[in-house]
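Taking it in order: structure first as structure tokens, then the write-up.
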Amino acid sequence: MTTRLMLLDTASLYFRAYHGVPDKVRAPDGTPVNAVRGLLDFIARLVADHRPDALVACMDEDWRPAWRVALIPTYKAHRVAEEVADAPDTEEVPDTLTPQVPVIEAVLDAVGIRRLGAADHEADDVIGTLSHRATGPVDIVTGDRDLFQLVDDTRGVRVLYPVKGMANLAAFDEAALRERYGVDGPGYADLALLRGDPSDGLPGVAGIGEKTAATLLARFGDLAGVLAALDDPLAALTPTQRRRLTEAHDYLAVAPRVVRVVTDLPLPDRDPTLPRAPRDPETLAALNERWGLGGSLTRLLTALAARP
């Protein structure tokens, strides 16, 4: 039987849940649990609507890896709340979200949903590695467009991208990517680094926006082709494009390693099959009582039990 694998970009999803569910959703002691309950409801809908056989909640062990920062110092710099020596920097996160993350992790563990991260790497890199390992279709669920680069029709890898909160998902396969951005999956990484991304602190090439980047990639194939065109005086580049690409030489030399997700991490081989019943019902019952997970947990357990 072909296994359908679902990979969650967990942090991007609980951030969206936090902002999409009112903070009046609270535990019995008054502690906000809007991100916890919002994420559980979202996973319940994913399981019910898309019927994955296996699911991994991919985690950021390091949301701003030092090796990426060494290449591009501005990488995610605007999100740093505190720089920490010999450890991941502290990310600027809403005060009422931070305490909810350990609760999310504990609930997922008790339910039996696999969580997986990798030292010195982001969840994107875990997703990239697991999607390349997969032998069946893969649904990547993320609110981060960076992962569009993993879309691959031949391997059945697509991205489910939340739009308008958490209620609606846009499915991105190669046709959808070409219609929206004019590139395929690997081409999206080249598009992103040429265009830049203020949300990640990527400067891009000055004066090269999304449309120009897509035009250059369509004309020359990929980033390597664009750079090769700089050495060809007959290549169809305007003088301004030549100048701007030349001025961005140092950035373009390192940006691919920063923007492209890692696909060969030595991750442990753990069974990601979704459970039909909680792995640790006693712990889950205690978490439910402590945090008042209510209908959100019930809906997730119902969706898991209803799997074929």
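Every chain in the structure tokens has a letter given in the order shown (A, B, ...), and although residue numbers restart at 1 in each chain, ligands are simply numbered from 1 in the order shown.
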
Rows by chain and residue number, region 239-295 of chain A within 10 Å of region 118-126 of chain A, shortest pair, only C-alpha atoms, as a Markdown table:
| residue | atom | partner | partner_atom | distance |
| --- | --- | --- | --- | --- |
| A:Arg260 | CA | A:Asp125 | CA | 8.8 |
| A:Val261 | CA | A:Asp125 | CA | 5.1 |
| A:Val262 | CA | A:Asp125 | CA | 4.7 |
| A:Thr263 | CA | A:Asp125 | CA | 6.3 |
| A:Asp264 | CA | A:Asp125 | CA | 8.4 |
| A:Leu265 | CA | A:Val126 | CA | 7.2 |
| A:Pro266 | CA | A:Ala118 | CA | 8.6 |
| A:Leu267 | CA | A:Ala118 | CA | 7.2 |
| A:Pro268 | CA | A:Ala118 | CA | 9.6 |

Based on the selection just made, write N, CA and C atoms of those residues as an mmCIF file, in the first residue's frame.
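Writing the result to result.cif gives the following:
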data_model
loop_
_atom_site.group_PDB
_atom_site.id
_atom_site.type_symbol
_atom_site.label_atom_id
_atom_site.label_comp_id
_atom_site.auth_asym_id
_atom_site.auth_seq_id
_atom_site.Cartn_x
_atom_site.Cartn_y
_atom_site.Cartn_z
ATOM 1 N N ARG A 260 18.028 27.436 -0.018
ATOM 2 C CA ARG A 260 17.640 26.066 -0.340
ATOM 3 C C ARG A 260 17.638 25.207 0.911
ATOM 4 N N VAL A 261 16.562 24.485 1.119
ATOM 5 C CA VAL A 261 16.466 23.650 2.310
ATOM 6 C C VAL A 261 17.383 22.445 2.177
ATOM 7 N N VAL A 262 17.816 21.948 3.310
ATOM 8 C CA VAL A 262 18.672 20.763 3.360
ATOM 9 C C VAL A 262 17.799 19.535 3.112
ATOM 10 N N THR A 263 18.297 18.605 2.332
ATOM 11 C CA THR A 263 17.500 17.411 2.001
ATOM 12 C C THR A 263 18.197 16.103 2.373
ATOM 13 N N ASP A 264 19.299 16.199 3.112
ATOM 14 C CA ASP A 264 20.042 14.972 3.415
ATOM 15 C C ASP A 264 20.485 14.906 4.871
ATOM 16 N N LEU A 265 19.658 15.395 5.781
ATOM 17 C CA LEU A 265 19.997 15.307 7.194
ATOM 18 C C LEU A 265 19.982 13.847 7.654
ATOM 19 N N PRO A 266 20.855 13.487 8.589
ATOM 20 C CA PRO A 266 20.859 12.113 9.121
ATOM 21 C C PRO A 266 19.801 11.937 10.205
ATOM 22 N N LEU A 267 18.554 11.978 9.806
ATOM 23 C CA LEU A 267 17.460 11.906 10.769
ATOM 24 C C LEU A 267 17.221 10.460 11.208
ATOM 25 N N PRO A 268 16.776 10.274 12.443
ATOM 26 C CA PRO A 268 16.455 8.921 12.902
ATOM 27 C C PRO A 268 15.269 8.352 12.140
#

Give me the residues within 12 Å of Leu293 (chain A) as a PyMOL selection string, counting only C-alpha atoms and dropping any in the same chain fewer than 2 places off.
chain A and resi 25-28+31-41+103-104+107+284-291+295-301

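Compared by their closest atoms to Ala206 (chain A), and using only C-alpha atoms, the residues A:Leu223, A:Ala175, A:Leu245, A:Ala189 rank with A:Leu245 nearest.
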
Which distance in Å separates CA of Ala106 (chain A) and CA of Tyr14 (chain A), to one decimal?
14.1 Å

Can you pull out every residue from region 27-64 of chain A that DSSP, working from the backbone, puts in strand (DSSP E), and format the result as an MDAnalysis selection string?
chainID A and resid 54:58

12 Å contact set for Ala66 (chain A), only C-alpha atoms, chain neighbours under 2 positions out, as JSON, numbers by chain
{"A": [62, 63, 64, 68, 69, 70, 71, 72, 73, 74, 75, 76, 77, 83, 84, 85, 86, 87, 88, 89, 119, 120, 121, 122, 258]}

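Relative to CA of Ile127 (chain A), CA of Thr154 (chain A) is found at 17.6 Å.
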
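Around Gly156 (chain A), within 7 Å and counting only C-alpha atoms, the residues found are Pro137, Val138, Asp152, Asp153, Thr154 and Arg158 of chain A, once anything fewer than 2 positions away on its own chain is removed.
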
Find the residues near Asp231 (chain A): any atom within 12 Å, counting only C-alpha atoms, skip ones fewer than 5 places away on the same chain, and give them as a ChimeraX atom specification.
/A:224-226,236-237,242,245-246

Can you tell me, as a PDB file with all heavy atoms, in the first residue's frame, what residues are no more than 8 Å from Val80 (chain A) when counting only C-alpha atoms, ignoring any on the same chain fewer than 6 positions away?
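Output saved as selection.pdb:
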ATOM      1  N   ASP A  89      19.667  31.733  19.107  1.00  0.00           N
ATOM      2  CA  ASP A  89      19.166  33.019  19.570  1.00  0.00           C
ATOM      3  C   ASP A  89      17.696  32.889  19.973  1.00  0.00           C
ATOM      4  O   ASP A  89      16.966  32.036  19.470  1.00  0.00           O
ATOM      5  CB  ASP A  89      19.295  34.084  18.474  1.00  0.00           C
ATOM      6  CG  ASP A  89      20.749  34.437  18.182  1.00  0.00           C
ATOM      7  OD1 ASP A  89      21.592  34.254  19.080  1.00  0.00           O
ATOM      8  OD2 ASP A  89      21.030  34.875  17.052  1.00  0.00           O
ATOM      9  N   THR A  90      17.270  33.759  20.879  1.00  0.00           N
ATOM     10  CA  THR A  90      15.878  33.766  21.300  1.00  0.00           C
ATOM     11  C   THR A  90      15.060  34.547  20.292  1.00  0.00           C
ATOM     12  O   THR A  90      15.380  35.689  19.957  1.00  0.00           O
ATOM     13  CB  THR A  90      15.737  34.407  22.690  1.00  0.00           C
ATOM     14  OG1 THR A  90      16.537  33.678  23.622  1.00  0.00           O
ATOM     15  CG2 THR A  90      14.281  34.384  23.143  1.00  0.00           C
ATOM     16  N   GLU A  91      13.996  33.918  19.791  1.00  0.00           N
ATOM     17  CA  GLU A  91      13.131  34.565  18.807  1.00  0.00           C
ATOM     18  C   GLU A  91      12.097  35.436  19.498  1.00  0.00           C
ATOM     19  O   GLU A  91      11.590  35.099  20.569  1.00  0.00           O
ATOM     20  CB  GLU A  91      12.423  33.519  17.959  1.00  0.00           C
ATOM     21  CG  GLU A  91      11.602  34.099  16.815  1.00  0.00           C
ATOM     22  CD  GLU A  91      10.982  33.031  15.937  1.00  0.00           C
ATOM     23  OE1 GLU A  91      11.018  31.852  16.319  1.00  0.00           O
ATOM     24  OE2 GLU A  91      10.466  33.390  14.859  1.00  0.00           O
ATOM     25  N   GLU A  92      11.791  36.575  18.871  1.00  0.00           N
ATOM     26  CA  GLU A  92      10.759  37.444  19.401  1.00  0.00           C
ATOM     27  C   GLU A  92       9.391  36.803  19.166  1.00  0.00           C
ATOM     28  O   GLU A  92       8.947  36.671  18.025  1.00  0.00           O
ATOM     29  CB  GLU A  92      10.830  38.813  18.727  1.00  0.00           C
ATOM     30  CG  GLU A  92       9.907  39.843  19.341  1.00  0.00           C
ATOM     31  CD  GLU A  92      10.129  41.228  18.778  1.00  0.00           C
ATOM     32  OE1 GLU A  92      11.158  41.450  18.114  1.00  0.00           O
ATOM     33  OE2 GLU A  92       9.253  42.084  19.016  1.00  0.00           O
TER      34      GLU A  92
END

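Minimum distance to Leu130 (chain A) across A:Glu247, A:Asp29, A:Asp269, A:Asp280 (counting only C-alpha atoms) occurs at A:Asp269.
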
Separation of CA of Asp222 (chain A) from CA of Tyr251 (chain A) in Å:
16.3 Å

Using only C-alpha atoms, which protein or nucleic acid residues come within 8 Å of Leu7 (chain A)? Drop anything in the same chain fewer than 6 positions from it, and give the result as a PyMOL selection string.
chain A and resi 55-58+127+138-141

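Between Asp250 (chain A) and the residues A:Met166, A:Val205, A:Ala303, A:Val111, the shortest atom-to-atom distance, using only C-alpha atoms, involves A:Val205.
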
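Minimum distance to Ala54 (chain A) across A:Gly209, A:Leu304, A:Asp190, A:Arg4 (counting only C-alpha atoms) occurs at A:Arg4.
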